[in-house]
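Here's upload_25.cif, which has mmCIF, C-alpha atoms:
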```cif
data_start
#
loop_
_atom_site.label_atom_id
_atom_site.label_comp_id
_atom_site.auth_asym_id
_atom_site.auth_seq_id
_atom_site.Cartn_x
_atom_site.Cartn_y
_atom_site.Cartn_z
CA MET R 876 95.22 16.42 76.71
CA SER R 877 91.79 17.03 78.22
CA ILE R 878 91.13 20.46 79.69
CA LEU R 879 89.94 20.40 83.27
CA THR R 880 86.99 22.70 84.00
CA PRO R 881 84.97 23.57 87.12
CA GLU R 882 82.01 21.80 85.52
CA SER R 883 83.92 18.53 85.08
CA VAL R 884 85.22 18.76 88.65
CA LEU R 885 81.73 19.28 90.06
CA ALA R 886 80.43 16.41 87.91
CA ALA R 887 83.06 14.11 89.46
CA LEU R 888 82.25 15.32 92.96
CA LYS R 889 78.56 14.57 92.46
CA SER R 890 79.54 10.90 92.59
CA ILE R 891 80.71 11.31 96.20
CA ILE R 892 77.91 10.55 98.64
CA ASP R 893 77.88 11.71 102.26
CA PRO R 894 76.54 8.55 103.96
CA ALA R 895 75.24 10.55 106.92
CA LYS R 896 72.91 12.55 104.66
CA ASN R 897 72.44 10.09 101.78
CA ASN R 898 73.15 12.72 99.15
CA ASP R 899 76.10 13.90 97.11
CA VAL R 900 78.44 16.63 98.37
CA VAL R 901 77.60 19.01 95.51
CA SER R 902 73.85 18.86 95.98
CA LEU R 903 74.34 19.34 99.72
CA GLY R 904 76.23 22.58 99.07
CA MET R 905 79.35 21.28 100.79
CA ILE R 906 81.78 22.31 98.02
CA GLN R 907 82.99 25.89 98.50
CA GLY R 908 85.71 28.06 96.98
CA LEU R 909 86.34 25.83 93.96
CA VAL R 910 89.32 26.98 91.89
CA VAL R 911 90.56 25.22 88.74
CA LYS R 912 93.70 26.55 87.08
CA ASP R 913 96.09 24.79 84.69
CA GLY R 914 95.08 21.36 85.99
CA HIS R 915 95.45 22.35 89.65
CA VAL R 916 92.28 22.13 91.73
CA SER R 917 91.50 23.46 95.19
CA PHE R 918 88.26 23.63 97.15
CA ALA R 919 86.82 23.44 100.65
CA LEU R 920 84.47 20.77 101.95
CA GLU R 921 82.18 22.49 104.45
CA VAL R 922 81.00 20.34 107.35
CA ALA R 923 79.44 20.83 110.77
CA SER R 924 81.80 22.00 113.52
CA ASN R 925 81.70 18.66 115.36
CA GLU R 926 82.20 16.49 112.27
CA GLY R 927 85.76 17.37 111.27
CA PRO R 928 87.71 14.17 112.00
CA ALA R 929 84.78 11.97 110.98
CA LYS R 930 84.64 13.58 107.54
CA GLU R 931 88.30 12.93 106.64
CA PRO R 932 87.39 9.82 104.57
CA LEU R 933 84.88 11.94 102.65
CA ARG R 934 87.54 14.55 101.94
CA HIS R 935 89.95 11.87 100.72
CA ALA R 936 87.22 10.44 98.47
CA CYS R 937 86.64 13.87 96.94
CA GLU R 938 90.34 14.36 96.24
CA LYS R 939 90.62 10.89 94.72
CA ALA R 940 87.61 11.44 92.44
CA VAL R 941 88.97 14.71 91.09
CA LEU R 942 92.53 13.47 90.74
CA ALA R 943 91.23 10.63 88.52
CA LEU R 944 89.94 13.14 85.96
CA PRO R 945 91.88 13.58 82.71
CA GLY R 946 94.00 16.70 82.96
CA ALA R 947 94.08 16.82 86.77
CA ARG R 948 97.61 17.53 88.00
CA SER R 949 97.03 18.23 91.70
CA VAL R 950 94.10 18.46 94.10
CA ALA R 951 94.01 20.30 97.44
CA ALA R 952 90.86 19.91 99.52
CA VAL R 953 90.42 21.21 103.04
CA LEU R 954 87.69 20.66 105.60
CA THR R 955 86.06 23.82 106.89
CA ALA R 956 83.71 23.88 109.85
CA HIS R 957 80.48 25.81 110.31
CA ARG R 958 80.50 28.16 113.23
CA GLY R 959 78.89 26.68 116.28
CA PRO R 960 76.53 28.50 118.62
CA ALA R 961 77.99 31.55 120.28
CA SER R 962 79.67 31.02 123.64
CA PRO R 963 78.49 33.01 126.66
CA PRO R 964 80.38 36.31 126.97
CA LYS R 965 83.29 36.43 129.37
CA ALA R 966 85.58 39.13 130.67
CA ALA R 967 88.31 39.82 128.13
CA THR R 968 91.91 39.48 129.23
CA ARG R 969 94.71 41.57 127.72
CA GLN R 970 95.72 38.57 125.59
CA ASP R 971 92.12 38.20 124.39
CA ARG R 972 92.03 41.84 123.35
CA GLN R 973 95.33 41.55 121.52
CA GLY R 974 94.38 38.31 119.78
CA PRO R 975 96.65 35.41 118.74
CA LEU R 976 98.99 37.70 116.76
CA GLY R 977 99.37 40.37 119.41
CA VAL R 978 97.05 42.50 117.25
CA LYS R 979 93.80 44.03 118.44
CA SER R 980 92.08 44.06 115.04
CA VAL R 981 92.91 42.40 111.71
CA ILE R 982 91.14 43.78 108.64
CA ALA R 983 91.26 42.51 105.07
CA VAL R 984 91.33 44.79 102.03
CA ALA R 985 89.96 42.71 99.18
CA SER R 986 88.59 42.87 95.65
CA GLY R 987 86.76 40.49 93.40
CA LYS R 988 89.19 41.15 90.55
CA GLY R 989 92.60 42.67 89.91
CA GLY R 990 93.29 46.13 88.53
CA VAL R 991 91.00 48.10 90.84
CA GLY R 992 93.76 49.64 92.97
CA LYS R 993 93.31 47.39 95.98
CA SER R 994 96.98 47.48 97.02
CA THR R 995 97.13 51.26 96.66
CA VAL R 996 94.12 51.53 98.96
CA ALA R 997 95.62 49.08 101.46
CA VAL R 998 98.93 50.96 101.65
CA ASN R 999 97.40 54.39 102.05
CA LEU R 1000 94.80 53.12 104.49
CA ALA R 1001 97.55 51.64 106.68
CA VAL R 1002 99.59 54.85 106.65
CA ALA R 1003 96.45 56.92 107.31
CA LEU R 1004 95.52 54.74 110.30
CA GLN R 1005 99.02 55.24 111.68
CA ARG R 1006 98.67 59.01 111.24
CA LEU R 1007 95.47 58.83 113.28
CA GLY R 1008 97.48 57.38 116.16
CA HIS R 1009 96.91 53.65 115.69
CA ALA R 1010 99.89 51.28 115.78
CA THR R 1011 99.46 49.71 112.34
CA GLY R 1012 100.94 46.87 110.32
CA LEU R 1013 100.53 45.82 106.70
CA LEU R 1014 100.64 42.22 105.47
CA ASP R 1015 101.04 41.72 101.73
CA ALA R 1016 99.09 38.50 101.20
CA ASP R 1017 99.07 38.77 97.41
CA ILE R 1018 101.49 35.88 96.88
CA TYR R 1019 101.39 35.96 93.07
CA GLY R 1020 101.66 39.73 92.68
CA PRO R 1021 103.36 41.27 95.74
CA SER R 1022 103.60 45.03 95.23
CA ILE R 1023 103.82 46.39 98.78
CA PRO R 1024 107.67 46.61 98.91
CA ARG R 1025 107.71 48.91 95.87
CA MET R 1026 104.78 51.00 97.11
CA LEU R 1027 106.41 51.49 100.52
CA GLY R 1028 109.91 51.97 99.13
CA LEU R 1029 111.23 48.93 100.98
CA SER R 1030 114.53 47.32 100.05
CA GLY R 1031 116.48 44.41 101.48
CA LYS R 1032 115.04 41.46 103.34
CA PRO R 1033 113.43 41.07 106.77
CA THR R 1034 115.65 39.83 109.60
CA SER R 1035 115.13 37.25 112.34
CA ARG R 1036 116.53 37.19 115.87
CA ASP R 1037 116.20 33.45 116.33
CA GLY R 1038 116.08 32.13 112.78
CA LYS R 1039 112.39 31.28 113.16
CA ILE R 1040 110.34 34.44 113.68
CA LEU R 1041 110.69 37.27 111.15
CA GLN R 1042 110.99 40.89 112.21
CA PRO R 1043 108.64 43.04 110.12
CA MET R 1044 110.20 45.80 108.07
CA GLN R 1045 109.47 49.44 108.84
CA ALA R 1046 108.26 52.18 106.49
CA TRP R 1047 106.35 55.42 107.05
CA GLY R 1048 105.62 54.51 110.64
CA ILE R 1049 104.06 51.10 109.94
CA LYS R 1050 105.29 47.52 110.17
CA ALA R 1051 105.15 45.54 106.93
CA ILE R 1052 105.93 42.10 105.55
CA SER R 1053 105.64 40.73 102.03
CA ILE R 1054 106.73 37.66 100.10
CA GLY R 1055 108.07 40.26 97.67
CA SER R 1056 110.78 41.12 100.21
CA LEU R 1057 111.96 37.51 100.27
CA ILE R 1058 112.32 36.98 96.50
CA SER R 1059 113.66 39.02 93.59
CA GLU R 1060 111.15 41.41 92.04
CA ASP R 1061 111.07 39.62 88.66
CA GLN R 1062 110.87 36.08 90.06
CA PRO R 1063 107.52 34.41 89.22
CA MET R 1064 105.64 32.61 91.98
CA ILE R 1065 104.78 29.26 90.39
CA TRP R 1066 103.21 27.67 93.45
CA ARG R 1067 100.40 25.21 93.91
CA GLY R 1068 97.55 25.73 96.35
CA PRO R 1069 99.06 23.94 99.38
CA MET R 1070 102.32 25.88 99.01
CA VAL R 1071 100.41 29.16 98.93
CA MET R 1072 98.45 28.24 102.06
CA THR R 1073 101.64 27.30 103.91
CA ALA R 1074 103.39 30.52 102.89
CA LEU R 1075 100.45 32.66 103.97
CA THR R 1076 100.25 30.91 107.32
CA GLN R 1077 103.92 31.63 107.93
CA LEU R 1078 103.60 35.29 106.94
CA ILE R 1079 100.76 35.60 109.43
CA TYR R 1080 101.96 33.63 112.43
CA ASP R 1081 105.77 33.55 112.03
CA VAL R 1082 106.17 37.33 112.13
CA GLU R 1083 106.60 39.42 115.27
CA TRP R 1084 103.66 41.76 114.72
CA ALA R 1085 102.94 42.57 118.36
CA PRO R 1086 102.02 44.99 119.65
CA LEU R 1087 99.66 46.42 117.04
CA ASP R 1088 96.27 48.08 117.13
CA ILE R 1089 95.40 47.24 113.53
CA LEU R 1090 96.89 44.86 110.95
CA VAL R 1091 95.81 45.61 107.39
CA VAL R 1092 95.93 42.56 105.09
CA ASP R 1093 96.26 43.26 101.38
CA MET R 1094 94.37 40.25 100.04
CA PRO R 1095 94.95 38.60 96.65
CA PRO R 1096 92.29 39.50 94.07
CA GLY R 1097 89.49 37.01 93.50
CA THR R 1098 87.91 34.31 95.67
CA GLY R 1099 90.28 31.33 95.47
CA ASP R 1100 92.19 29.13 97.88
CA ALA R 1101 94.43 31.94 99.19
CA GLN R 1102 91.39 34.02 100.11
CA LEU R 1103 89.73 31.04 101.76
CA THR R 1104 92.87 30.33 103.81
CA LEU R 1105 93.05 33.90 105.08
CA ALA R 1106 89.34 34.18 105.77
CA GLN R 1107 89.38 31.03 107.86
CA ARG R 1108 92.82 31.05 109.51
CA VAL R 1109 92.99 34.69 110.60
CA PRO R 1110 90.65 36.19 113.22
CA LEU R 1111 89.42 38.94 110.92
CA ALA R 1112 87.57 41.81 112.57
CA GLY R 1113 86.20 42.75 109.17
CA ALA R 1114 86.78 43.10 105.45
CA ILE R 1115 86.75 46.04 103.06
CA ILE R 1116 85.79 45.53 99.41
CA VAL R 1117 87.52 47.75 96.84
CA SER R 1118 85.92 48.30 93.44
CA THR R 1119 85.86 50.78 90.60
CA PRO R 1120 82.46 52.19 89.59
CA GLN R 1121 82.18 50.16 86.37
CA ASP R 1122 79.70 47.31 86.17
CA ILE R 1123 82.22 44.55 85.37
CA ALA R 1124 84.23 45.36 88.51
CA LEU R 1125 81.12 45.54 90.67
CA ILE R 1126 80.01 42.08 89.54
CA ASP R 1127 83.26 40.65 90.91
CA ALA R 1128 83.07 42.85 94.00
CA ARG R 1129 79.75 41.21 94.86
CA LYS R 1130 81.43 37.82 94.63
CA GLY R 1131 84.12 38.93 97.06
CA LEU R 1132 81.50 40.22 99.46
CA ALA R 1133 79.58 36.95 99.22
CA MET R 1134 82.75 34.99 100.05
CA PHE R 1135 83.25 36.89 103.29
CA GLN R 1136 79.61 36.48 104.21
CA ARG R 1137 79.89 32.75 103.54
CA THR R 1138 82.93 32.49 105.83
CA HIS R 1139 81.23 34.63 108.50
CA VAL R 1140 83.61 37.59 108.21
CA PRO R 1141 81.91 40.96 108.82
CA VAL R 1142 82.07 43.32 105.84
CA LEU R 1143 82.96 46.82 107.01
CA GLY R 1144 81.91 48.32 103.70
CA ILE R 1145 82.69 49.04 100.03
CA ILE R 1146 85.10 51.66 98.65
CA GLU R 1147 84.74 53.20 95.21
CA ASN R 1148 88.29 53.66 93.92
CA MET R 1149 89.14 55.69 90.78
CA SER R 1150 85.79 57.34 91.34
CA THR R 1151 86.41 60.73 89.72
CA TYR R 1152 89.22 62.00 87.52
CA PHE R 1153 90.36 65.59 87.95
CA CYS R 1154 92.56 66.99 85.16
CA PRO R 1155 95.78 68.26 86.79
CA ASN R 1156 95.95 71.13 84.26
CA CYS R 1157 92.45 72.57 84.13
CA GLY R 1158 90.71 70.81 87.03
CA HIS R 1159 87.95 69.42 84.80
CA GLU R 1160 86.03 66.54 86.41
CA SER R 1161 85.44 63.34 84.43
CA HIS R 1162 83.98 59.95 85.31
CA ILE R 1163 86.18 57.63 83.27
CA PHE R 1164 84.91 54.41 84.86
CA GLY R 1165 81.45 55.75 85.68
CA HIS R 1166 80.47 57.08 89.07
CA GLY R 1167 78.36 56.00 92.02
CA GLY R 1168 78.20 52.31 91.14
CA ALA R 1169 79.83 51.15 94.38
CA ARG R 1170 77.49 53.31 96.46
CA GLU R 1171 74.47 51.83 94.68
CA THR R 1172 75.82 48.30 95.08
CA ALA R 1173 76.41 48.84 98.79
CA ALA R 1174 72.84 50.06 99.20
CA LYS R 1175 71.44 47.05 97.32
CA LEU R 1176 73.51 44.58 99.34
CA GLY R 1177 72.76 46.23 102.67
CA CYS R 1178 76.35 47.11 103.59
CA ASP R 1179 78.00 50.45 104.29
CA PHE R 1180 79.58 52.66 101.66
CA LEU R 1181 82.91 53.86 103.03
CA GLY R 1182 83.72 56.57 100.52
CA GLU R 1183 85.23 57.56 97.18
CA ILE R 1184 88.91 57.71 96.25
CA PRO R 1185 89.69 59.90 93.21
CA LEU R 1186 91.68 58.87 90.16
CA HIS R 1187 94.65 61.24 90.30
CA ILE R 1188 98.12 61.13 88.84
CA SER R 1189 99.70 61.98 92.19
CA ILE R 1190 98.38 58.75 93.72
CA ARG R 1191 99.96 56.75 90.91
CA GLU R 1192 103.24 58.65 91.04
CA THR R 1193 103.64 58.33 94.80
CA SER R 1194 102.74 54.63 94.74
CA ASP R 1195 105.30 53.90 92.03
CA GLY R 1196 107.87 56.02 93.86
CA GLY R 1197 107.49 54.26 97.21
CA THR R 1198 106.13 57.34 98.98
CA PRO R 1199 102.38 56.89 99.62
CA ILE R 1200 100.34 60.04 99.07
CA THR R 1201 99.19 59.92 102.72
CA ALA R 1202 102.83 60.21 103.80
CA ARG R 1203 104.24 62.49 101.12
CA ASP R 1204 101.42 65.04 100.86
CA PRO R 1205 99.03 64.44 103.78
CA SER R 1206 97.15 67.72 103.30
CA SER R 1207 96.29 67.07 99.63
CA PRO R 1208 92.66 66.30 98.70
CA GLN R 1209 93.75 62.80 97.61
CA ALA R 1210 95.37 62.04 100.97
CA LEU R 1211 92.42 63.53 102.85
CA ALA R 1212 90.14 61.05 101.07
CA PHE R 1213 92.23 58.21 102.52
CA MET R 1214 92.28 59.89 105.95
CA ALA R 1215 88.47 60.08 105.92
CA LEU R 1216 88.36 56.40 104.98
CA ALA R 1217 90.75 55.51 107.82
CA ASP R 1218 88.64 57.48 110.29
CA ARG R 1219 85.48 55.58 109.28
CA VAL R 1220 87.26 52.23 109.53
CA ALA R 1221 88.70 53.07 112.96
CA GLU R 1222 85.27 54.08 114.22
CA LYS R 1223 83.77 50.83 112.98
CA LEU R 1224 86.48 48.80 114.72
CA LYS R 1225 85.97 50.77 117.92
CA ALA R 1226 82.23 50.08 117.83
CA GLY R 1227 82.62 46.37 117.05
CA THR R 1228 84.46 43.46 118.61
CA THR R 1229 87.12 41.19 117.20
CA ARG R 1230 85.96 37.59 117.01
CA PRO R 1231 87.83 34.34 116.34
CA GLY R 1232 87.63 33.08 112.79
CA PRO R 1233 85.87 29.87 111.76
CA ARG R 1234 87.83 26.74 112.52
CA ILE R 1235 89.66 25.05 109.65
CA ILE R 1236 90.72 21.42 109.79
CA MET R 1237 93.62 20.24 107.66
CA GLU R 1238 95.27 16.88 107.32
#
```
Show this structure as structure tokens.
Amino acid sequence: MSILTPESVLAALKSIIDPAKNNDVVSLGMIQGLVVKDGHVSFALEVASNEGPAKEPLRHACEKAVLALPGARSVAAVLTAHRGPASPPKAATRQDRQGPLGVKSVIAVASGKGGVGKSTVAVNLAVALQRLGHATGLLDADIYGPSIPRMLGLSGKPTSRDGKILQPMQAWGIKAISIGSLISEDQPMIWRGPMVMTALTQLIYDVEWAPLDILVVDMPPGTGDAQLTLAQRVPLAGAIIVSTPQDIALIDARKGLAMFQRTHVPVLGIIENMSTYFCPNCGHESHIFGHGGARETAAKLGCDFLGEIPLHISIRETSDGGTPITARDPSSPQALAFMALADRVAEKLKAGTTRPGPRIIME
């Protein structure tokens, strides 16, 4: 059986011509967020904001061309729209300030790759924001590897008053929801792209989040269809990129940052996680993964550096035990690093404004 690759998919898409521009969709830069995995393909077809319905035949043609390739098992293509010109400012109502979810600000915690401690940062950031006085929620959007229930010590399943809208679970003063609370811990999530997008949409809009000041979204690692769905279906006030100092992680962190820039989501800054290791016995300082790489990357890319989080056994132990370090030992140096991060994020949100996300058009 032929192995499907991104190169073969792009080659097939080059045969699809946009009649309005007399060029193929690949050369025009219309193909975004291409993901090819085990014969399943997903991508976005980026069009002008006023062209959505008119470009449906083009989207169908793209899906048909890819599905005809040897080894193709499923194809999910969505139309995404460029942002139009900004509308004149108007007085904000209370509903405007709260947003469509009853949340003032939604922020994404993301990484270009797995294994950099993104979920640990998201959990402790959420608890730290709550300790600063902000009503905070945490959405576990990592469909394939949900870890938030274990990190927060959650058990059982969320309830619903009407059988339609879920009530978020409560832990350490924050509201939380995760697909991991709806399935058994060892059950694999063998879902195709469209199923993931539907599940994420429900976790976002079919949960009673309101009222919240800040909703922290623990994003899946990488830059695939799940990330594209969240970046374009949620009115994100900003995104935070988590990376370790090592070069291989920073390469992927730059990809994550580029994805948010491409989807017009403001990047609040970069965090260097596992920055410095302190021996719990003698206090010796070591830089296991290097040091300062995230700060240098932030400077090169022109975005803010939000701070360093140490590599410490207490952070690992409290995460595994369901008692985040910011809740269990809030005066420890490790927790204070998260508190400083939360303070910087809160200040950035206070200085900025929440904006609606780019419009996404789906069949």
Applied to the shown file, which residues does the PyMOL selection byres ((chain R and resi 1216) around 9) return, written as a list in words?
Leu1000, Ala1003, Ile1146, Leu1181, Gly1182, Glu1183, Ile1184, Leu1211, Ala1212, Phe1213, Met1214, Ala1215, Ala1217, Asp1218, Arg1219, Val1220 and Ala1221 of chain R
One decimal, in Å: what's the spacing between atom CA of R:Gly1168 and atom CA of R:Val991?
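Separating atom CA of R:Gly1168 from atom CA of R:Val991 is a distance of 13.5 Å.
For the pair atom CA of R:Phe1135 and atom CA of R:Ala1106, the separation is 7.1 Å.
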Residues within 9 Å of (87.3, 51.3, 97.6), file coordinates, counting all atoms listed in the file: what are they? Give the list as a PyMOL selection string.
chain R and resi 984+986+991-993+996+1115-1119+1144-1150+1169+1180-1184
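Each of R:Lys1223, R:Lys1039, R:Lys939, R:His1187 was compared to R:Gly1158 using all atoms listed in the file, and R:His1187 turns out to be the nearest.
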Under the rule that all atoms listed in the file are counted, which of R:Ser917, R:Thr1034, R:Thr1201, R:Ser1189 is the nearest residue to R:Thr1104?
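Residue with the minimum atom-to-atom distance to R:Thr1104: R:Ser917.
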Can you work out the spacing between atom CA of R:Arg948 and atom CA of R:Val884 in Å, to one decimal?
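Calculated distance between atom CA of R:Arg948 and atom CA of R:Val884 is 12.5 Å.
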Have a look at R:Asn898, R:Ser1030, R:Thr995, R:Thr1076 and name the one nearest to R:Leu1057; count only C-alpha atoms.
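Closest to R:Leu1057, using only C-alpha atoms: R:Ser1030.
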